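Text of the file my_file13.txt, holding compact mmCIF, C-alpha atoms and all ligand atoms:
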```
# COMPACT_ATOMS: atom_id res chain seq x y z
CA MET S 1 0.00 0.00 0.00
CA ARG S 2 1.18 3.52 -0.75
CA TYR S 3 2.68 5.33 2.25
CA GLN S 4 0.62 8.37 3.25
CA PRO S 5 1.70 10.76 5.99
CA ARG S 6 -0.96 11.88 8.48
CA PRO S 7 -1.95 15.44 9.37
CA GLY S 8 0.54 16.79 11.89
CA ALA S 9 3.46 15.08 10.12
CA ALA S 10 6.67 17.08 9.70
CA LEU S 11 8.02 17.80 6.21
CA ASP S 12 10.62 15.05 6.75
CA ASP S 13 7.77 12.54 7.01
CA ILE S 14 6.47 13.37 3.53
CA ASP S 15 7.96 11.16 0.84
CA THR S 16 9.57 12.91 -2.12
CA PRO S 17 9.24 14.31 -4.67
CA ALA S 18 6.09 16.01 -3.33
CA LEU S 19 4.28 19.21 -4.19
CA LEU S 20 3.68 21.35 -1.12
CA LEU S 21 1.04 24.03 -0.68
CA ASP S 22 1.79 26.63 1.98
CA LEU S 23 -1.67 27.32 3.37
CA ASP S 24 -0.77 30.75 4.78
CA ALA S 25 0.50 31.94 1.39
CA PHE S 26 -2.47 30.34 -0.38
CA GLU S 27 -4.96 32.06 1.94
CA HIS S 28 -3.16 35.38 1.45
CA ASN S 29 -3.49 35.04 -2.35
CA LEU S 30 -7.13 33.97 -2.06
CA ARG S 31 -8.01 36.94 0.17
CA TYR S 32 -5.94 39.45 -1.80
CA MET S 33 -7.69 38.69 -5.09
CA ALA S 34 -11.15 38.46 -3.46
CA THR S 35 -10.61 41.86 -1.83
CA PHE S 36 -9.45 43.37 -5.11
CA PHE S 37 -12.61 42.32 -6.93
CA ALA S 38 -15.00 43.00 -4.04
CA ASP S 39 -15.54 46.65 -5.07
CA LYS S 40 -14.98 46.36 -8.84
CA PRO S 41 -17.59 46.15 -11.59
CA THR S 42 -15.77 43.04 -12.87
CA SER S 43 -15.90 39.64 -11.15
CA LEU S 44 -13.38 36.85 -10.73
CA ARG S 45 -13.80 33.53 -12.52
CA PRO S 46 -10.47 31.87 -11.60
CA HIS S 47 -8.82 29.58 -14.11
CA ALA S 48 -8.61 26.00 -12.82
CA LYS S 49 -6.03 25.04 -15.46
CA THR S 50 -3.53 26.32 -12.86
CA HIS S 51 -4.46 24.05 -9.96
CA LYS S 52 -6.74 21.33 -11.40
CA CYS S 53 -7.83 20.78 -7.81
CA PRO S 54 -11.54 20.77 -6.85
CA GLU S 55 -10.77 21.72 -3.23
CA ILE S 56 -9.02 24.90 -4.42
CA ALA S 57 -11.94 25.70 -6.76
CA ARG S 58 -14.35 25.23 -3.85
CA ARG S 59 -12.37 27.70 -1.71
CA GLN S 60 -12.18 30.22 -4.58
CA LEU S 61 -15.97 30.08 -4.94
CA GLN S 62 -16.42 30.41 -1.19
CA ALA S 63 -14.22 33.53 -1.32
CA GLY S 64 -16.54 35.17 -3.86
CA ALA S 65 -15.60 33.90 -7.34
CA ILE S 66 -18.66 33.80 -9.62
CA GLY S 67 -17.65 30.53 -11.28
CA ILE S 68 -14.64 28.59 -12.50
CA THR S 69 -12.79 28.68 -15.82
CA CYS S 70 -11.37 25.51 -17.38
CA ALA S 71 -9.09 25.00 -20.36
CA LYS S 72 -10.29 21.54 -21.26
CA LEU S 73 -13.55 19.61 -21.29
CA GLY S 74 -11.93 16.89 -19.16
CA GLU S 75 -11.07 19.47 -16.47
CA ALA S 76 -14.64 20.77 -16.54
CA GLU S 77 -16.02 17.23 -16.12
CA VAL S 78 -13.90 16.77 -12.99
CA MET S 79 -14.97 20.15 -11.56
CA ALA S 80 -18.66 19.42 -12.27
CA GLU S 81 -18.33 15.98 -10.67
CA ALA S 82 -16.94 17.74 -7.57
CA GLY S 83 -20.02 19.99 -7.45
CA VAL S 84 -18.82 23.15 -9.22
CA GLN S 85 -21.90 24.39 -11.04
CA ASP S 86 -20.93 27.47 -13.07
CA LEU S 87 -18.16 26.56 -15.52
CA LEU S 88 -16.61 28.30 -18.51
CA ILE S 89 -14.47 26.30 -20.91
CA ALA S 90 -12.36 29.18 -22.23
CA ASN S 91 -11.59 27.27 -25.36
CA GLU S 92 -13.16 25.84 -28.49
CA VAL S 93 -14.58 22.34 -27.98
CA VAL S 94 -14.66 20.64 -31.37
CA GLY S 95 -15.24 17.27 -33.02
CA PRO S 96 -18.22 14.94 -32.52
CA ILE S 97 -16.77 13.06 -29.52
CA LYS S 98 -16.17 16.18 -27.44
CA VAL S 99 -19.26 18.00 -28.67
CA HIS S 100 -21.43 15.13 -27.39
CA ARG S 101 -19.55 15.00 -24.10
CA LEU S 102 -20.05 18.74 -23.67
CA ALA S 103 -23.78 18.41 -24.40
CA SER S 104 -23.99 15.67 -21.72
CA LEU S 105 -22.08 17.87 -19.27
CA ALA S 106 -24.48 20.74 -20.01
CA GLU S 107 -27.31 18.49 -18.75
CA ARG S 108 -25.59 18.31 -15.34
CA ALA S 109 -23.88 21.70 -14.94
CA ASN S 110 -24.33 25.31 -15.98
CA MET S 111 -21.85 25.29 -18.88
CA MET S 112 -20.45 28.08 -21.01
CA VAL S 113 -18.03 27.61 -23.93
CA ALA S 114 -16.06 29.74 -26.39
CA VAL S 115 -16.70 29.53 -30.14
CA ASP S 116 -15.09 31.07 -33.20
CA ASN S 117 -16.50 28.94 -36.02
CA PRO S 118 -19.99 28.54 -37.56
CA ALA S 119 -19.68 24.78 -38.18
CA ASN S 120 -18.77 24.28 -34.51
CA VAL S 121 -21.78 26.37 -33.43
CA ALA S 122 -24.05 24.20 -35.61
CA ALA S 123 -22.60 20.99 -34.14
CA LEU S 124 -22.95 22.24 -30.54
CA SER S 125 -26.52 23.31 -31.20
CA GLU S 126 -27.52 19.97 -32.71
CA ALA S 127 -25.92 17.94 -29.90
CA CYS S 128 -27.48 20.07 -27.15
CA GLN S 129 -30.89 20.05 -28.81
CA ALA S 130 -30.81 16.24 -29.01
CA LYS S 131 -30.22 16.09 -25.26
CA GLN S 132 -32.52 19.01 -24.47
CA ALA S 133 -29.57 20.65 -22.76
CA THR S 134 -28.84 24.37 -22.69
CA LEU S 135 -25.35 25.65 -23.41
CA ARG S 136 -24.20 29.23 -22.89
CA VAL S 137 -21.84 30.59 -25.52
CA LEU S 138 -19.18 33.32 -25.73
CA VAL S 139 -17.81 34.34 -29.11
CA GLU S 140 -14.02 34.45 -28.88
CA VAL S 141 -12.31 37.52 -30.31
CA ASP S 142 -8.58 37.54 -31.08
CA VAL S 143 -7.36 40.55 -29.09
CA GLY S 144 -3.79 40.34 -30.37
CA MET S 145 -2.53 37.04 -29.00
CA GLY S 146 -2.77 35.46 -32.43
CA ARG S 147 -4.31 32.22 -31.16
CA CYS S 148 -8.03 31.41 -31.50
CA GLY S 149 -10.80 33.93 -32.05
CA ILE S 150 -12.62 35.78 -34.81
CA GLN S 151 -10.63 38.46 -36.60
CA ARG S 152 -13.37 40.97 -37.54
CA SER S 153 -16.33 42.41 -35.63
CA GLU S 154 -18.65 41.37 -38.50
CA ASP S 155 -17.71 37.75 -37.81
CA ALA S 156 -18.62 38.20 -34.15
CA LEU S 157 -22.00 39.56 -35.25
CA HIS S 158 -22.67 36.63 -37.60
CA LEU S 159 -21.69 34.06 -35.00
CA ALA S 160 -23.76 35.80 -32.31
CA GLN S 161 -26.78 35.80 -34.64
CA GLN S 162 -26.26 32.11 -35.39
CA VAL S 163 -26.08 31.34 -31.65
CA ILE S 164 -29.22 33.37 -30.96
CA ASP S 165 -31.09 31.46 -33.68
CA ALA S 166 -29.94 28.08 -32.31
CA PRO S 167 -32.62 26.71 -29.97
CA ALA S 168 -30.30 24.98 -27.48
CA LEU S 169 -27.67 27.74 -27.27
CA VAL S 170 -27.76 30.99 -25.31
CA PHE S 171 -25.60 33.88 -26.49
CA GLN S 172 -23.92 35.45 -23.46
CA GLY S 173 -21.23 37.67 -24.89
CA LEU S 174 -17.57 37.74 -25.84
CA MET S 175 -14.24 36.34 -24.74
CA GLY S 176 -10.84 37.88 -25.44
CA TYR S 177 -7.69 36.66 -23.71
CA GLU S 178 -4.64 38.93 -23.89
CA GLY S 179 -2.11 36.14 -23.32
CA HIS S 180 0.56 37.99 -25.31
CA LEU S 181 0.66 40.65 -22.58
CA VAL S 182 0.28 38.86 -19.24
CA MET S 183 3.99 38.28 -18.65
CA ARG S 184 5.45 41.50 -20.05
CA PRO S 185 7.87 42.65 -17.33
CA ASP S 186 7.12 46.36 -17.74
CA ALA S 187 3.81 47.28 -16.08
CA GLU S 188 3.28 50.39 -18.22
CA GLU S 189 3.80 48.37 -21.39
CA ARG S 190 1.37 45.74 -20.11
CA SER S 191 -1.18 48.37 -19.29
CA SER S 192 -0.99 50.17 -22.65
CA GLY S 193 -1.14 46.76 -24.36
CA VAL S 194 -4.34 46.00 -22.46
CA ARG S 195 -5.90 49.29 -23.63
CA GLN S 196 -5.13 48.21 -27.22
CA ALA S 197 -6.42 44.70 -26.63
CA MET S 198 -9.78 46.03 -25.42
CA ILE S 199 -10.43 47.79 -28.75
CA PRO S 200 -11.59 44.74 -30.78
CA LEU S 201 -13.84 43.73 -27.87
CA LEU S 202 -15.34 47.22 -27.59
CA GLU S 203 -15.88 47.36 -31.35
CA ALA S 204 -17.53 43.94 -31.44
CA ALA S 205 -19.77 44.81 -28.47
CA GLU S 206 -20.74 48.10 -30.16
CA LEU S 207 -21.64 46.36 -33.41
CA LEU S 208 -23.74 43.79 -31.54
CA ASP S 209 -25.48 46.58 -29.68
CA LYS S 210 -26.32 48.34 -32.97
CA HIS S 211 -28.05 45.14 -34.00
CA GLY S 212 -29.97 44.92 -30.75
CA ILE S 213 -27.82 42.14 -29.26
CA ALA S 214 -26.84 42.53 -25.61
CA THR S 215 -23.31 41.54 -24.54
CA GLU S 216 -23.85 40.47 -20.95
CA ILE S 217 -20.47 38.84 -20.39
CA VAL S 218 -16.99 39.77 -21.59
CA SER S 219 -14.39 37.36 -20.21
CA GLY S 220 -10.57 37.42 -20.29
CA GLY S 221 -7.57 38.51 -18.23
CA GLY S 222 -4.77 36.77 -16.37
CA THR S 223 -2.57 37.16 -13.30
CA GLY S 224 -0.29 39.62 -15.08
CA THR S 225 -3.17 41.90 -16.13
CA TYR S 226 -5.98 41.32 -13.58
CA ASP S 227 -5.80 44.91 -12.28
CA MET S 228 -5.59 46.35 -15.81
CA THR S 229 -8.05 44.22 -17.79
CA GLY S 230 -10.10 43.89 -14.60
CA THR S 231 -10.79 47.61 -14.49
CA SER S 232 -11.32 48.10 -18.25
CA ALA S 233 -14.52 48.34 -20.26
CA PRO S 234 -16.01 46.12 -21.60
CA MET S 235 -14.67 43.32 -19.33
CA THR S 236 -17.12 41.76 -16.88
CA GLU S 237 -15.08 38.81 -15.60
CA ILE S 238 -11.41 37.93 -15.16
CA GLN S 239 -9.93 34.47 -15.66
CA ALA S 240 -6.71 34.80 -13.63
CA GLY S 241 -5.28 31.44 -12.58
CA SER S 242 -1.66 31.50 -11.42
CA TYR S 243 -2.19 34.09 -8.64
CA ILE S 244 -3.45 31.38 -6.30
CA LEU S 245 -0.21 29.31 -6.39
CA MET S 246 2.41 31.55 -8.02
CA ASP S 247 5.78 30.64 -9.49
CA THR S 248 9.15 32.35 -9.96
CA THR S 249 8.07 33.83 -13.33
CA TYR S 250 5.00 35.62 -11.96
CA LEU S 251 6.69 36.49 -8.64
CA ARG S 252 8.99 38.80 -10.59
CA ILE S 253 6.07 40.98 -11.76
CA ARG S 254 3.40 40.25 -9.14
CA PRO S 255 5.05 40.55 -5.70
CA GLU S 256 1.65 41.22 -4.09
CA PHE S 257 1.03 37.45 -4.26
CA HIS S 258 3.04 34.98 -2.19
CA PRO S 259 4.73 31.76 -3.33
CA ALA S 260 2.28 29.08 -2.16
CA LEU S 261 3.64 26.21 -4.24
CA SER S 262 6.96 24.45 -3.82
CA LEU S 263 8.45 21.07 -4.58
CA LEU S 264 9.97 19.01 -1.80
CA THR S 265 12.83 16.84 -3.05
CA ALA S 266 15.48 14.64 -1.45
CA VAL S 267 19.21 14.45 -2.02
CA VAL S 268 20.04 11.10 -3.62
CA SER S 269 23.73 11.69 -4.18
CA ARG S 270 26.53 14.12 -3.35
CA PRO S 271 29.38 12.70 -5.40
CA LEU S 272 31.45 15.90 -5.07
CA PRO S 273 31.24 18.55 -2.34
CA GLU S 274 29.80 21.07 -4.82
CA ARG S 275 27.46 18.67 -6.67
CA ILE S 276 24.11 17.80 -5.10
CA VAL S 277 21.74 15.52 -6.97
CA THR S 278 18.04 15.32 -6.06
CA ASP S 279 15.18 12.96 -6.96
CA ALA S 280 13.28 15.68 -8.86
CA GLY S 281 13.70 15.80 -12.62
CA MET S 282 11.56 16.86 -15.56
CA LYS S 283 8.87 14.31 -14.70
CA VAL S 284 7.94 16.25 -11.56
CA ILE S 285 8.82 19.88 -12.30
CA THR S 286 8.72 21.81 -15.58
CA LYS S 287 11.29 24.15 -17.08
CA GLU S 288 9.70 25.89 -20.08
CA PHE S 289 9.86 29.24 -18.24
CA GLY S 290 13.36 28.59 -16.82
CA TRP S 291 14.96 26.47 -14.09
CA PRO S 292 13.13 26.06 -10.80
CA GLU S 293 14.64 28.04 -7.94
CA PRO S 294 16.01 26.18 -4.89
CA ILE S 295 14.99 28.12 -1.77
CA GLU S 296 15.83 25.78 1.09
CA PRO S 297 18.59 25.41 2.10
CA GLU S 298 20.22 28.57 0.79
CA GLY S 299 23.30 28.65 -1.43
CA LEU S 300 22.14 26.27 -4.16
CA VAL S 301 21.71 26.88 -7.88
CA LEU S 302 19.91 24.49 -10.19
CA GLN S 303 22.13 23.49 -13.09
CA GLY S 304 20.01 20.98 -14.93
CA LEU S 305 17.17 18.50 -14.90
CA SER S 306 17.19 15.08 -16.43
CA GLU S 307 14.15 12.81 -16.35
CA GLU S 308 14.43 11.80 -12.70
CA HIS S 309 17.30 13.90 -11.34
CA GLY S 310 17.92 17.51 -10.50
CA LYS S 311 21.55 18.65 -10.52
CA LEU S 312 22.39 21.45 -8.07
CA LEU S 313 25.55 23.40 -7.54
CA ALA S 314 26.55 24.34 -4.00
CA GLN S 315 28.21 27.74 -4.45
CA ARG S 316 30.04 27.50 -1.08
CA PRO S 317 30.19 23.72 -0.52
CA ASP S 318 31.58 24.05 3.01
CA GLN S 319 28.50 26.07 4.00
CA VAL S 320 25.90 23.67 2.60
CA ASP S 321 25.14 20.97 5.13
CA LEU S 322 23.36 18.37 2.99
CA SER S 323 23.75 14.60 3.05
CA ILE S 324 21.82 11.96 1.14
CA GLY S 325 18.19 11.79 2.23
CA ASP S 326 18.17 15.46 3.28
CA ARG S 327 15.54 17.73 1.81
CA VAL S 328 15.77 20.54 -0.73
CA ARG S 329 12.75 22.72 -1.51
CA MET S 330 12.36 24.63 -4.76
CA ILE S 331 9.83 26.93 -6.40
CA PRO S 332 8.70 26.04 -9.93
CA SER S 333 9.09 28.55 -12.74
CA HIS S 334 5.64 27.57 -14.04
CA CYS S 335 3.01 26.44 -11.54
CA CYS S 336 0.34 25.30 -14.04
CA THR S 337 2.38 22.71 -15.93
CA THR S 338 4.09 21.51 -12.72
CA MET S 339 0.73 20.87 -11.03
CA ASN S 340 -0.24 18.77 -14.03
CA LEU S 341 2.55 16.28 -13.17
CA HIS S 342 1.23 15.41 -9.70
CA ASP S 343 -1.70 13.52 -8.17
CA ARG S 344 -1.61 15.13 -4.74
CA LEU S 345 -0.97 18.43 -3.09
CA TYR S 346 0.51 18.24 0.41
CA VAL S 347 -1.01 21.13 2.32
CA THR S 348 1.19 22.53 5.07
CA ARG S 349 1.12 25.25 7.69
CA ALA S 350 4.15 26.28 9.73
CA GLY S 351 6.11 23.28 8.48
CA LYS S 352 3.48 20.67 9.37
CA LEU S 353 1.17 18.70 7.09
CA VAL S 354 -2.47 19.71 7.56
CA ASP S 355 -4.18 17.96 4.63
CA ILE S 356 -3.70 16.25 1.28
CA TRP S 357 -5.79 17.53 -1.65
CA SER S 358 -6.38 15.61 -4.85
CA ILE S 359 -5.23 17.26 -8.10
CA ALA S 360 -8.11 15.37 -9.65
CA ALA S 361 -8.14 17.12 -13.04
CA ARG S 362 -4.44 16.68 -13.71
CA GLY S 363 -3.74 15.03 -17.05
CA ARG S 364 -7.33 15.61 -18.20
CA ALA S 365 -6.18 17.05 -21.51
CA GLN S 366 -9.00 15.57 -23.61
C1 LIG S 401 -7.84 31.50 -21.81
C2 LIG S 401 -6.96 31.87 -20.67
N1 LIG S 401 -7.46 32.70 -19.72
C3 LIG S 401 -6.70 33.10 -18.68
C4 LIG S 401 -5.41 32.64 -18.51
C5 LIG S 401 -4.64 33.26 -17.37
O1 LIG S 401 -3.89 32.50 -16.61
P1 LIG S 401 -2.76 33.09 -15.63
O2 LIG S 401 -3.45 33.84 -14.58
O3 LIG S 401 -2.15 31.84 -15.14
O4 LIG S 401 -1.86 33.93 -16.44
C6 LIG S 401 -4.86 31.76 -19.45
C7 LIG S 401 -3.48 31.27 -19.32
O5 LIG S 401 -2.95 30.47 -20.04
C8 LIG S 401 -5.65 31.37 -20.56
O6 LIG S 401 -5.17 30.54 -21.51
```

Encoding of this model in structure tokens:
Amino acid sequence: MRYQPRPGAALDDIDTPALLLDLDAFEHNLRYMATFFADKPTSLRPHAKTHKCPEIARRQLQAGAIGITCAKLGEAEVMAEAGVQDLLIANEVVGPIKVHRLASLAERANMMVAVDNPANVAALSEACQAKQATLRVLVEVDVGMGRCGIQRSEDALHLAQQVIDAPALVFQGLMGYEGHLVMRPDAEERSSGVRQAMIPLLEAAELLDKHGIATEIVSGGGTGTYDMTGTSAPMTEIQAGSYILMDTTYLRIRPEFHPALSLLTAVVSRPLPERIVTDAGMKVITKEFGWPEPIEPEGLVLQGLSEEHGKLLAQRPDQVDLSIGDRVRMIPSHCCTTMNLHDRLYVTRAGKLVDIWSIAARGRAQ
């Protein structure tokens, strides 16, 4: 049977590699964002692609979020199963297999999805009508990221009209995600980029209005732009995700949030005084935004990751007291993809385990 530490266990009693959640930092991030949105005209619909953890979604809703955003249908199925009712899949869901799954999910939960294609709208409508399910729809507008989304306001109008005419679909508004801006280091540049990014959304909303179509929801925004997009017309809801866990990349531009996520690893070898090798490689921590940052003990620099090993350099070997079996803690450079590699989140406060939460939607990429 798999070893599981009990609440009250010390960090040394948690087997490695293990993802740790610092509950104090998590609660700070939760409260900070909830307080920010409490007096704004926009609301928070946190993105669960970051944590993939129903318990975190439940706490975000309890703190005032109006619903949860998902990237994938599989994530939304897990969240609905856990009792989350108001879900946006901020993505196009295409192909007969997924369209039918989404229609089934819409029978059980209050679902909303993004569209940017008339054939997809027709398929969603047919599948939902067959099940007598209702599906809410946002037309996605490309606001400069160059990913999905319609390119001209006229296309938004045509799609909106098609959705309105479809018996099983309900047109709710627009979605525009400014992903090309969220990590720009310079806040002024980010902010002026957001003003630009709002233009296609404003234009589309204006054109819809001229044709008597109300845009009730405009959804977008991320951790890097929540206070910019979140205070801009025509946004009504913000999809920030990473703020709740944080990583070294976002900590550089968003110091108001605290690092809640870290990876606990163990030293498996110290073949030279300066070389420390851990049990945490690319299969437990990601590196697309740069190397993870060792934070405990001090004086270590990550030099490389292979599949199952992390190679660390002790800058002053005589001052780093680490033997095999000892623990090293590091902060990921990208929380979302690192969470996706783990089944469990070890929740700690003041160095003691308080709970273990299931990362139930991890790997649900379909
Ligand atoms: C559609 C969408 N919305 C929002 C986000 C914001 O996420 P974060 O707060 O992690 O930047 C993302 C990030 O990938 C996204 O793809």

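The shell of residues at most 9 Å from segment 205-214 of chain S, with only C-alpha atoms counted and near chain neighbours (fewer than 2 positions) removed, consists of Ser153, Glu154, Ala156, Leu157, Ala160, Gln161, Phe171, Gln172, Gly173, Leu174, Pro200, Leu201, Leu202, Glu203, Glu216, Val218 and Pro234 of chain S.
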
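Shown here are all protein and nucleic acid residues lying within 9 Å of (-10.8, 23.2, -18.1), with all atoms listed in the file considered: S:His47, S:Ala48, S:Lys49, S:Lys52, S:Ile68, S:Thr69, S:Cys70, S:Ala71, S:Lys72, S:Leu73, S:Gly74, S:Glu75, S:Ala76, S:Glu77, S:Val78, S:Met79, S:Leu87, S:Leu88, S:Ile89, S:Ala90, S:Asn91, S:Ala361, S:Arg364, S:Ala365.
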
Which is closest to ligand LIG 401 (chain S) among S:Lys287, S:His28, S:Arg6, S:Arg254, if we use only C-alpha atoms and all ligand atoms? S:Arg254

Compute the set of protein, DNA and RNA residues whose minimum atom distance to ligand LIG 401 (chain S) is at most 7 Å, using all atoms listed in the file, and state it as number ranges by chain. S: 47, 50, 71, 90-91, 177, 179, 182, 220-224, 239-243

Those residues with C-alpha atoms, as an mmCIF file, in the coordinates of the input please?
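Output contents, as saved in again.cif:
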```cif
data_model
loop_
_atom_site.group_PDB
_atom_site.id
_atom_site.type_symbol
_atom_site.label_atom_id
_atom_site.label_comp_id
_atom_site.auth_asym_id
_atom_site.auth_seq_id
_atom_site.Cartn_x
_atom_site.Cartn_y
_atom_site.Cartn_z
ATOM 1 C CA HIS S 47 -8.820 29.580 -14.110
ATOM 2 C CA THR S 50 -3.530 26.320 -12.860
ATOM 3 C CA ALA S 71 -9.090 25.000 -20.360
ATOM 4 C CA ALA S 90 -12.360 29.180 -22.230
ATOM 5 C CA ASN S 91 -11.590 27.270 -25.360
ATOM 6 C CA TYR S 177 -7.690 36.660 -23.710
ATOM 7 C CA GLY S 179 -2.110 36.140 -23.320
ATOM 8 C CA VAL S 182 0.280 38.860 -19.240
ATOM 9 C CA GLY S 220 -10.570 37.420 -20.290
ATOM 10 C CA GLY S 221 -7.570 38.510 -18.230
ATOM 11 C CA GLY S 222 -4.770 36.770 -16.370
ATOM 12 C CA THR S 223 -2.570 37.160 -13.300
ATOM 13 C CA GLY S 224 -0.290 39.620 -15.080
ATOM 14 C CA GLN S 239 -9.930 34.470 -15.660
ATOM 15 C CA ALA S 240 -6.710 34.800 -13.630
ATOM 16 C CA GLY S 241 -5.280 31.440 -12.580
ATOM 17 C CA SER S 242 -1.660 31.500 -11.420
ATOM 18 C CA TYR S 243 -2.190 34.090 -8.640
#
```

Place a sphere of radius 10 Å on (17.8, 12.2, -5.8) in the file coordinates and name every protein, DNA or RNA residue with an atom inside or on its surface, counting all atoms listed in the file; give the answer as a PyMOL selection string. chain S and resi 16-17+265-270+276-281+308-311+324-328

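Of the residues listed (S:Arg108, S:Arg45, S:Arg136, S:Arg101), S:Arg45 shows the shortest atom-to-atom separation from Gly67 of chain S; distances use all atoms listed in the file.
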
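Look at Val93 of chain S: the protein and nucleic acid residues within 9 Å of it, using all atoms listed in the file and passing over chain neighbours fewer than 3 places away, are Lys72, Leu73, Ile89, Lys98, Val99, Leu102, Val113, Ala114, Val115, Asn120 and Leu124 of chain S.
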